[in-house]
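Chemist: Below is the structure I would like to discuss, written out as structure tokens.
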Amino acid sequence: MMLTKTSNGYDNARLGFQRRDPHRPDAIFAVTSAAEVEEAVRYATEHDLHLAVQASGHGPGRGLDGGVLIATRGFHQVTVDAEQRTAWIEAGATWREVLDATAPYGLAPLSGSFPGLGAIPYTLGGGLGLMARRFGYAADHVRRIELVTLDGVRRTADPDLFWALRGGGGNFGVVTGIEIELFDVPTLYGGSLYFDVAEHPQVLQIWRQWTQTVPDHVTSGLSLVPLPDIQPVPEPIRGKYIAQISLAITSEGEDLIKPLRAIGEPAMDTVGELPYAESGKIFNEPDRPDSFSSRNVLLSDLDPAALQTLPKLAGPEAPMRCVIAIRHLGGALAHEPAVPNAIGHRDAAYSLTVITPPEGDELQREILAPWQPATIGRLFNFNDAGIDLREVYEPETFTRLTALRRQYDPARRLQANHQL
Ligand SMILES: Cc1cc2nc3c(=O)[nH]c(=O)nc-3n(C[C@H](O)[C@H](O)[C@H](O)COP(=O)(O)OP(=O)(O)OC[C@H]3O[C@@H](n4cnc5c(N)ncnc54)[C@H](O)[C@@H]3O)c2cc1C
């Protein structure tokens, strides 16, 4: 179905979760099949128009002005092959839809913290999931990719494209579907411990020390969140500056987390055994559309002195609301997959992301300054559009990716989230 600026449903089709700089296309193709994607790409080619693709719109906020938007939300079937432990996912499926399809078989995908994310954009950008340290990036476990390239041809990714699309984002065509591996993880031991930073200032250092002792099947993150003093926020954490330690452990975990419990009484505790299908409860991120800016760095270490600066620079005294999200990396993330892909900086030990309102550029820089000596790169998925992609990849990977981009989109008509 094609929508124009005067059609009913135009705004609904173009607006996603991220409301900063939304798309303003002349035409929207709300696709429901690969054939419709082909038709949309051909329309853009024949009329020499720019085009962009949007699934759930959590991406980094890079609006397309004019041209064609391919909105994939209605193209979202998930088909599970329980015997092979794989799933075929169509372009617009969210992780929620994948989780619902795989749960009856006790199988789990390598989904991220928030089930509302589009599974394909997340995976094209690498995909740092809840079980990342045990299994690696989501893009390390993709079996097959189908796409429509800018010449309007529907194809299965050949070895070059297959390498590039797993980590190189949406730069080479419109992906219509991917086959992913599933894992035998019906339940997790996980949830979050919410500590009041004012009461337990040692929480950051203790989490840091603990991450250096845990086995690879423990994946965790620490977020610093200033919570407003309003009704939807649970009463025990309302109005507080919270250090939220989020845990996903693929074994019994009570003993493993004893050093964290020894920090003291958390203001709120949601940790326990839970079905993998409910893993969105672990980080429990808000699901209302928002306008935000996000800047990420990959670190070789979590410097204790720099860590100590965070509550002061990003906490309640900061000039604007600011969330810090740190994830513990390593484990399987450090290993190249059997079929190599474009993901860089596998030696990173932690990822640190600063999230502010759109006007937070200066504050983000100030917060990240003490981390400069340990910064070795950036993750594709957690950054605003406009970053220098040379920081995301190894130099030879960047060269190979840009050459493929020139080959598949010589006129640069496809506007990707992170443009190569
Ligand atoms: C609350 C929140 C939690 C997050 N948690 C995680 C996490 O745990 N791990 C992680 O790795 N990332 C995480 N992210 C980042 C997220 O994975 C990326 O922003 C991802 O792109 C979002 O997917 P989407 O469907 O919302 O993307 P969209 O905004 O719909 O698309 C993003 C971009 O992907 C490309 N694209 C989309 N569909 C296609 C297609 N079919 N073919 C080709 N290109 C396409 C386009 O370039 C598009 O601009 C999180 C983001 C948010 C806001």
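Every chain in the structure tokens has a letter given in the order shown (A, B, ...), and although residue numbers restart at 1 in each chain, ligands are simply numbered from 1 in the order shown.
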Residues within 7 Å of ligand 1 should be enumerated using only C-alpha atoms and all ligand atoms and returned as a CSV table (one decimal) with N, CA and C atoms, in the first residue's frame.

Modeler:
```
chain,number,residue,atom,x,y,z
A,16,GLY,N,8.1,6.3,14.4
A,16,GLY,CA,8.6,5.2,15.2
A,16,GLY,C,8.7,5.6,16.6
A,17,PHE,N,9.5,4.8,17.3
A,17,PHE,CA,9.7,5.0,18.8
A,17,PHE,C,10.5,6.3,19.0
A,52,ALA,N,14.5,5.1,2.4
A,52,ALA,CA,15.0,4.6,3.8
A,52,ALA,C,14.0,3.5,4.2
A,53,VAL,N,14.5,2.7,5.2
A,53,VAL,CA,13.7,1.6,5.7
A,53,VAL,C,13.4,1.8,7.1
A,54,GLN,N,12.2,1.4,7.6
A,54,GLN,CA,12.0,1.5,9.0
A,54,GLN,C,11.2,0.3,9.5
A,55,ALA,N,11.6,-0.3,10.6
A,55,ALA,CA,10.9,-1.4,11.2
A,55,ALA,C,10.1,-0.8,12.4
A,56,SER,N,10.7,-0.9,13.6
A,56,SER,CA,9.9,-0.3,14.8
A,56,SER,C,10.4,1.1,15.1
A,57,GLY,N,11.4,1.6,14.4
A,57,GLY,CA,11.8,3.0,14.5
A,57,GLY,C,12.5,3.4,15.9
A,58,HIS,N,13.3,2.4,16.4
A,58,HIS,CA,14.1,2.8,17.6
A,58,HIS,C,15.4,3.3,17.2
A,59,GLY,N,15.7,3.4,15.9
A,59,GLY,CA,17.0,3.7,15.4
A,59,GLY,C,17.4,5.1,15.8
A,60,PRO,N,18.5,5.5,15.2
A,60,PRO,CA,19.2,6.7,15.7
A,60,PRO,C,18.7,8.0,15.3
A,72,THR,N,8.2,-1.5,7.3
A,72,THR,CA,8.1,-3.0,7.2
A,72,THR,C,7.3,-3.6,8.4
A,91,ALA,N,11.1,-9.0,7.6
A,91,ALA,CA,11.7,-7.7,7.8
A,91,ALA,C,11.2,-6.9,9.1
A,92,GLY,N,9.9,-6.9,9.3
A,92,GLY,CA,9.4,-6.0,10.3
A,92,GLY,C,9.1,-6.6,11.7
A,94,THR,N,9.3,-7.8,15.4
A,94,THR,CA,10.0,-7.4,16.6
A,94,THR,C,10.5,-8.6,17.4
A,112,GLY,N,17.6,-8.6,22.4
A,112,GLY,CA,18.2,-7.6,23.2
A,112,GLY,C,17.4,-7.3,24.5
A,113,SER,N,17.7,-6.1,25.1
A,113,SER,CA,17.1,-5.8,26.3
A,113,SER,C,15.6,-5.5,26.2
A,114,PHE,N,15.3,-4.9,25.0
A,114,PHE,CA,13.9,-4.4,24.9
A,114,PHE,C,13.2,-5.2,23.8
A,117,LEU,N,12.1,-3.9,20.0
A,117,LEU,CA,13.1,-3.6,18.9
A,117,LEU,C,12.8,-4.5,17.7
A,118,GLY,N,13.1,-3.9,16.5
A,118,GLY,CA,13.0,-4.8,15.3
A,118,GLY,C,14.2,-5.8,15.3
A,119,ALA,N,13.9,-7.0,15.1
A,119,ALA,CA,14.9,-8.1,15.2
A,119,ALA,C,15.9,-7.9,14.1
A,120,ILE,N,15.5,-7.5,12.9
A,120,ILE,CA,16.5,-7.4,11.8
A,120,ILE,C,17.4,-6.2,11.9
A,121,PRO,N,16.9,-5.0,12.1
A,121,PRO,CA,17.8,-3.8,12.3
A,121,PRO,C,18.8,-4.1,13.4
A,122,TYR,N,18.3,-4.6,14.5
A,122,TYR,CA,19.2,-5.0,15.7
A,122,TYR,C,20.3,-5.9,15.2
A,125,GLY,N,23.0,-4.5,12.9
A,125,GLY,CA,23.9,-3.7,13.6
A,125,GLY,C,24.8,-4.4,14.6
A,126,GLY,N,24.8,-5.7,14.6
A,126,GLY,CA,25.5,-6.6,15.5
A,126,GLY,C,24.6,-7.3,16.4
A,127,GLY,N,24.0,-6.5,17.3
A,127,GLY,CA,23.0,-7.1,18.2
A,127,GLY,C,23.7,-7.7,19.5
A,128,LEU,N,23.7,-6.8,20.5
A,128,LEU,CA,24.3,-7.1,21.8
A,128,LEU,C,23.2,-7.5,22.7
A,129,GLY,N,23.1,-8.9,22.9
A,129,GLY,CA,21.9,-9.4,23.6
A,129,GLY,C,22.0,-9.7,25.1
A,130,LEU,N,21.0,-10.3,25.6
A,130,LEU,CA,20.9,-10.6,27.0
A,130,LEU,C,21.9,-11.7,27.4
A,169,GLY,N,25.1,-3.0,9.0
A,169,GLY,CA,23.8,-2.3,9.0
A,169,GLY,C,23.1,-2.3,7.7
A,170,GLY,N,22.2,-1.4,7.6
A,170,GLY,CA,21.3,-1.4,6.4
A,170,GLY,C,21.8,-0.6,5.2
A,171,ASN,N,23.1,-0.9,4.8
A,171,ASN,CA,23.8,-0.1,3.8
A,171,ASN,C,23.8,-0.7,2.4
A,173,GLY,N,21.1,-2.7,0.8
A,173,GLY,CA,19.8,-3.1,0.2
A,173,GLY,C,18.8,-3.2,1.3
A,174,VAL,N,17.6,-3.6,0.9
A,174,VAL,CA,16.5,-3.8,1.9
A,174,VAL,C,16.4,-5.3,2.2
A,175,VAL,N,16.7,-5.6,3.4
A,175,VAL,CA,16.6,-7.0,3.8
A,175,VAL,C,15.2,-7.4,4.0
A,176,THR,N,14.8,-8.6,3.4
A,176,THR,CA,13.4,-9.0,3.5
A,176,THR,C,13.2,-10.1,4.5
A,285,GLU,N,12.7,-1.6,30.3
A,285,GLU,CA,12.8,-0.3,29.7
A,285,GLU,C,11.5,0.3,29.4
A,381,ASN,N,25.2,-0.1,17.2
A,381,ASN,CA,23.8,0.0,17.6
A,381,ASN,C,23.4,1.1,18.6
A,382,PHE,N,24.3,1.5,19.4
A,382,PHE,CA,24.0,2.4,20.5
A,382,PHE,C,24.3,3.9,20.2
A,415,GLN,N,19.3,5.6,2.3
A,415,GLN,CA,19.7,6.3,3.5
A,415,GLN,C,19.6,5.3,4.7
A,416,ALA,N,20.8,4.9,5.1
A,416,ALA,CA,20.8,3.9,6.2
A,416,ALA,C,21.0,4.7,7.5
A,417,ASN,N,20.7,4.0,8.7
A,417,ASN,CA,20.9,4.6,10.0
A,417,ASN,C,22.3,5.1,10.2
A,418,HIS,N,23.3,4.3,9.9
A,418,HIS,CA,24.7,4.7,10.0
A,418,HIS,C,25.2,4.5,8.5
```

Chemist: Among region 138-287 of chain A, which residues carry a DSSP assignment of strand (DSSP E), reported as a compact mmCIF listing (two decimals) with C-alpha atoms, in the first residue's frame?

Modeler:
```txt
# COMPACT_ATOMS: atom_id res chain seq x y z
CA VAL A 142 22.71 -15.79 11.30
CA ARG A 143 22.45 -18.57 8.70
CA ARG A 144 20.98 -16.81 5.64
CA ILE A 145 19.89 -13.34 4.55
CA GLU A 146 17.58 -12.35 1.71
CA LEU A 147 17.38 -8.83 0.38
CA VAL A 148 16.36 -6.60 -2.48
CA ARG A 154 15.64 -9.98 -4.96
CA ARG A 155 18.56 -12.20 -3.93
CA THR A 156 20.09 -14.37 -1.25
CA VAL A 174 16.48 -3.80 1.86
CA VAL A 175 16.62 -7.03 3.84
CA THR A 176 13.40 -9.02 3.46
CA GLY A 177 14.21 -11.85 5.87
CA ILE A 178 16.92 -13.60 7.88
CA GLU A 179 17.38 -17.10 9.23
CA ILE A 180 18.73 -17.11 12.78
CA GLU A 181 19.92 -19.82 15.15
CA THR A 187 14.40 -20.02 31.34
CA LEU A 188 16.93 -17.58 32.72
CA TYR A 189 17.99 -16.58 36.20
CA GLY A 190 17.72 -12.84 35.90
CA GLY A 191 16.15 -9.52 36.70
CA SER A 192 17.46 -6.31 38.24
CA LEU A 193 18.76 -5.20 41.62
CA TYR A 194 17.91 -1.52 42.06
CA PHE A 195 20.23 0.27 44.52
CA ASP A 196 19.78 3.83 45.76
CA VAL A 218 26.76 -14.49 33.22
CA THR A 219 25.85 -11.36 31.23
CA SER A 220 25.12 -8.15 33.12
CA GLY A 221 24.84 -4.41 32.86
CA LEU A 222 24.74 -1.46 35.21
CA SER A 223 22.55 1.56 34.45
CA LEU A 224 22.47 4.83 36.35
CA VAL A 225 18.96 6.22 36.11
CA PRO A 226 17.45 9.36 37.68
CA TYR A 241 18.97 8.12 41.65
CA ILE A 242 19.20 4.40 40.99
CA ALA A 243 22.02 2.05 40.04
CA GLN A 244 20.20 -0.79 38.28
CA ILE A 245 22.24 -3.99 37.97
CA SER A 246 20.58 -6.13 35.29
CA LEU A 247 21.43 -9.82 35.18
CA ALA A 248 20.88 -12.66 32.71
CA ILE A 249 22.39 -15.96 33.83
CA MET A 268 13.79 -3.04 44.62
CA ASP A 269 14.70 -6.58 43.56
CA GLY A 272 14.68 -14.80 40.08
CA GLU A 273 13.99 -17.54 37.55
CA LEU A 274 11.89 -16.37 34.60
CA PRO A 275 10.83 -17.79 31.22
```

Chemist: Might you pull out every residue within 9 Å of region 367-380 of chain A, with only C-alpha atoms counted and same-chain residues fewer than 6 positions away left off, and present them as number ranges by chain?

Modeler: A: 125-127, 167-169, 295-303, 305-307, 309-310, 313-314, 343-345, 347-348, 351-352, 354, 389-393, 418

Chemist: Keeping only C-alpha atoms, write those residues as a tab-separated table (two decimals), in the first residue's frame.

Modeler:
```tsv
chain	number	residue	atom	x	y	z
A	125	GLY	CA	23.94	-3.66	13.58
A	126	GLY	CA	25.55	-6.57	15.47
A	127	GLY	CA	23.02	-7.14	18.23
A	167	GLY	CA	27.49	-5.80	11.44
A	168	GLY	CA	27.44	-3.35	8.52
A	169	GLY	CA	23.81	-2.30	9.03
A	295	ARG	CA	26.50	8.18	22.36
A	296	ASN	CA	28.46	5.00	23.03
A	297	VAL	CA	32.08	3.98	23.53
A	298	LEU	CA	33.76	0.58	23.76
A	299	LEU	CA	36.30	0.34	26.57
A	300	SER	CA	39.34	-1.81	27.25
A	301	ASP	CA	38.67	-1.49	30.98
A	302	LEU	CA	36.37	0.24	33.43
A	303	ASP	CA	38.75	2.66	35.09
A	305	ALA	CA	38.53	6.68	38.91
A	306	ALA	CA	36.47	7.43	35.78
A	307	LEU	CA	33.65	5.28	37.17
A	309	THR	CA	32.93	10.56	38.15
A	310	LEU	CA	29.63	9.26	36.73
A	313	LEU	CA	28.52	14.33	36.14
A	314	ALA	CA	25.42	12.41	35.07
A	343	ILE	CA	31.82	-6.66	13.67
A	344	GLY	CA	34.86	-4.87	15.11
A	345	HIS	CA	36.64	-4.40	18.43
A	347	ASP	CA	38.57	-7.24	22.48
A	348	ALA	CA	36.40	-4.60	24.23
A	351	SER	CA	30.43	-0.77	26.54
A	352	LEU	CA	29.34	2.57	27.99
A	354	VAL	CA	25.27	8.07	27.56
A	389	LEU	CA	32.09	4.81	11.26
A	390	ARG	CA	35.86	4.34	11.14
A	391	GLU	CA	35.54	4.13	14.95
A	392	VAL	CA	33.14	1.18	14.66
A	393	TYR	CA	35.29	-1.09	12.47
A	418	HIS	CA	24.68	4.72	9.95
```

Chemist: Using only C-alpha atoms, which residue out of A:Gly253, A:Pro22, A:Pro104, A:Pro319 lies closest to Gly66 (chain A)?

Modeler: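 Among the listed residues, the smallest separation from Gly66 (chain A) belongs to A:Pro22.
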
Chemist: Based on DSSP run over this structure's backbone, return all residues of region 178-376 of chain A in alpha helix (DSSP H), as a PyMOL selection string.

Modeler: chain A and resi 203-211+258-261+280-283+304-314+361-368

Chemist: When distances are computed from only C-alpha atoms, which of A:Arg238, A:Lys258, A:His76, A:Arg166 shows the smallest separation from His141 (chain A)?

Modeler: A:Arg166

Chemist: I need the residue nearest Ala164 (chain A) from this list: A:Gln407, A:Asn341, A:Asn383, A:Gln212. Use only C-alpha atoms for the distance.

Modeler: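 Using only C-alpha atoms, the shortest distance to Ala164 (chain A) belongs to A:Asn341.
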
Chemist: For Pro340 (chain A), which residue among A:Gly61, A:Gly116, A:Pro159, A:Pro358 is the nearest when counting only C-alpha atoms?

Modeler: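 Closest to Pro340 (chain A) of all the choices is A:Pro159.
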
Chemist: Using only C-alpha atoms, pick whichever of A:Ser294, A:His328, A:Ile237, A:Gly386 has the shortest atom-to-atom distance to Gly360 (chain A).

Modeler: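 Looking only at the distances to Gly360 (chain A), the closest residue turns out to be A:Ser294.
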
Chemist: Grab the CA of Pro286 (chain A) to CA of Ser111 (chain A) distance for me, in Å with one decimal place.

Modeler: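 One can read the CA of Pro286 (chain A) to CA of Ser111 (chain A) distance as 16.8 Å.
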
Chemist: Could you pull the residues within 7 Å of region 28-40 of chain A, counting only C-alpha atoms, minus those fewer than 4 positions along the same chain, as a PyMOL selection string?

Modeler: chain A and resi 1-4+44+68-72+74-75+148+152+154+176

Chemist: What does the file look like for those residues with N, CA and C atoms, as a PDB file, in the first residue's frame?

Modeler:
```
ATOM      1  N   MET A   1       0.849  -1.191   0.000  1.00  0.00           N
ATOM      2  CA  MET A   1       0.000   0.000   0.000  1.00  0.00           C
ATOM      3  C   MET A   1       0.894   1.254   0.000  1.00  0.00           C
ATOM      4  N   MET A   2       0.601   2.185  -0.926  1.00  0.00           N
ATOM      5  CA  MET A   2       1.401   3.420  -0.945  1.00  0.00           C
ATOM      6  C   MET A   2       0.613   4.566  -0.296  1.00  0.00           C
ATOM      7  N   LEU A   3       1.276   5.275   0.615  1.00  0.00           N
ATOM      8  CA  LEU A   3       0.651   6.421   1.283  1.00  0.00           C
ATOM      9  C   LEU A   3       1.415   7.685   0.895  1.00  0.00           C
ATOM     10  N   THR A   4       0.682   8.775   0.726  1.00  0.00           N
ATOM     11  CA  THR A   4       1.351  10.059   0.481  1.00  0.00           C
ATOM     12  C   THR A   4       1.012  10.996   1.652  1.00  0.00           C
ATOM     13  N   ALA A  44      11.323   3.543  -6.429  1.00  0.00           N
ATOM     14  CA  ALA A  44      12.333   4.550  -6.066  1.00  0.00           C
ATOM     15  C   ALA A  44      13.397   4.660  -7.161  1.00  0.00           C
ATOM     16  N   VAL A  68      11.240   7.947  -0.639  1.00  0.00           N
ATOM     17  CA  VAL A  68      10.370   6.803  -0.339  1.00  0.00           C
ATOM     18  C   VAL A  68      10.785   6.158   0.982  1.00  0.00           C
ATOM     19  N   LEU A  69       9.814   5.973   1.856  1.00  0.00           N
ATOM     20  CA  LEU A  69      10.074   5.197   3.078  1.00  0.00           C
ATOM     21  C   LEU A  69       9.429   3.823   2.909  1.00  0.00           C
ATOM     22  N   ILE A  70      10.219   2.783   3.134  1.00  0.00           N
ATOM     23  CA  ILE A  70       9.662   1.426   3.146  1.00  0.00           C
ATOM     24  C   ILE A  70       9.417   1.066   4.605  1.00  0.00           C
ATOM     25  N   ALA A  71       8.130   1.000   4.967  1.00  0.00           N
ATOM     26  CA  ALA A  71       7.760   0.706   6.367  1.00  0.00           C
ATOM     27  C   ALA A  71       7.429  -0.778   6.451  1.00  0.00           C
ATOM     28  N   THR A  72       8.197  -1.509   7.259  1.00  0.00           N
ATOM     29  CA  THR A  72       8.105  -2.979   7.230  1.00  0.00           C
ATOM     30  C   THR A  72       7.252  -3.578   8.354  1.00  0.00           C
ATOM     31  N   GLY A  74       4.265  -4.207   8.853  1.00  0.00           N
ATOM     32  CA  GLY A  74       3.220  -5.179   8.483  1.00  0.00           C
ATOM     33  C   GLY A  74       3.768  -6.434   7.816  1.00  0.00           C
ATOM     34  N   PHE A  75       5.073  -6.565   7.742  1.00  0.00           N
ATOM     35  CA  PHE A  75       5.737  -7.695   7.083  1.00  0.00           C
ATOM     36  C   PHE A  75       6.547  -8.388   8.176  1.00  0.00           C
ATOM     37  N   VAL A 148      16.555  -7.196  -1.163  1.00  0.00           N
ATOM     38  CA  VAL A 148      16.357  -6.597  -2.482  1.00  0.00           C
ATOM     39  C   VAL A 148      17.417  -5.510  -2.603  1.00  0.00           C
ATOM     40  N   GLY A 152      16.794  -3.419  -7.731  1.00  0.00           N
ATOM     41  CA  GLY A 152      15.457  -4.002  -7.714  1.00  0.00           C
ATOM     42  C   GLY A 152      15.461  -5.521  -7.795  1.00  0.00           C
ATOM     43  N   ARG A 154      15.755  -9.238  -6.222  1.00  0.00           N
ATOM     44  CA  ARG A 154      15.638  -9.976  -4.957  1.00  0.00           C
ATOM     45  C   ARG A 154      16.677 -11.093  -4.962  1.00  0.00           C
ATOM     46  N   THR A 176      14.801  -8.555   3.365  1.00  0.00           N
ATOM     47  CA  THR A 176      13.401  -9.018   3.455  1.00  0.00           C
ATOM     48  C   THR A 176      13.241 -10.088   4.536  1.00  0.00           C
TER      49      THR A 176
END
```

Chemist: Ranking A:Leu51, A:Val197, A:Ala385, A:Ile230 by minimum distance to Glu265 (chain A) and counting only C-alpha atoms, which one comes first?

Modeler: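 Result for the nearest residue to Glu265 (chain A): A:Val197.
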
Chemist: Report as a short mmCIF file (atom, residue, chain, number, x, y, z; two decimals) with C-alpha atoms, in the first residue's frame all protein, DNA and RNA residues lying within 8 Å of Pro357 (chain A), evaluated on only C-alpha atoms, omitting residues in the same chain fewer than 6 positions from it.

Modeler:
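Output saved as around39.cif:
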```cif
data_model
loop_
_atom_site.label_atom_id
_atom_site.label_comp_id
_atom_site.auth_asym_id
_atom_site.auth_seq_id
_atom_site.Cartn_x
_atom_site.Cartn_y
_atom_site.Cartn_z
CA SER A 291 13.09 11.89 21.64
CA PHE A 292 16.65 11.18 22.73
CA SER A 293 20.31 11.23 21.81
CA MET A 320 19.57 17.66 32.16
CA ARG A 321 18.25 14.14 32.62
CA CYS A 322 20.93 11.64 31.71
#
```
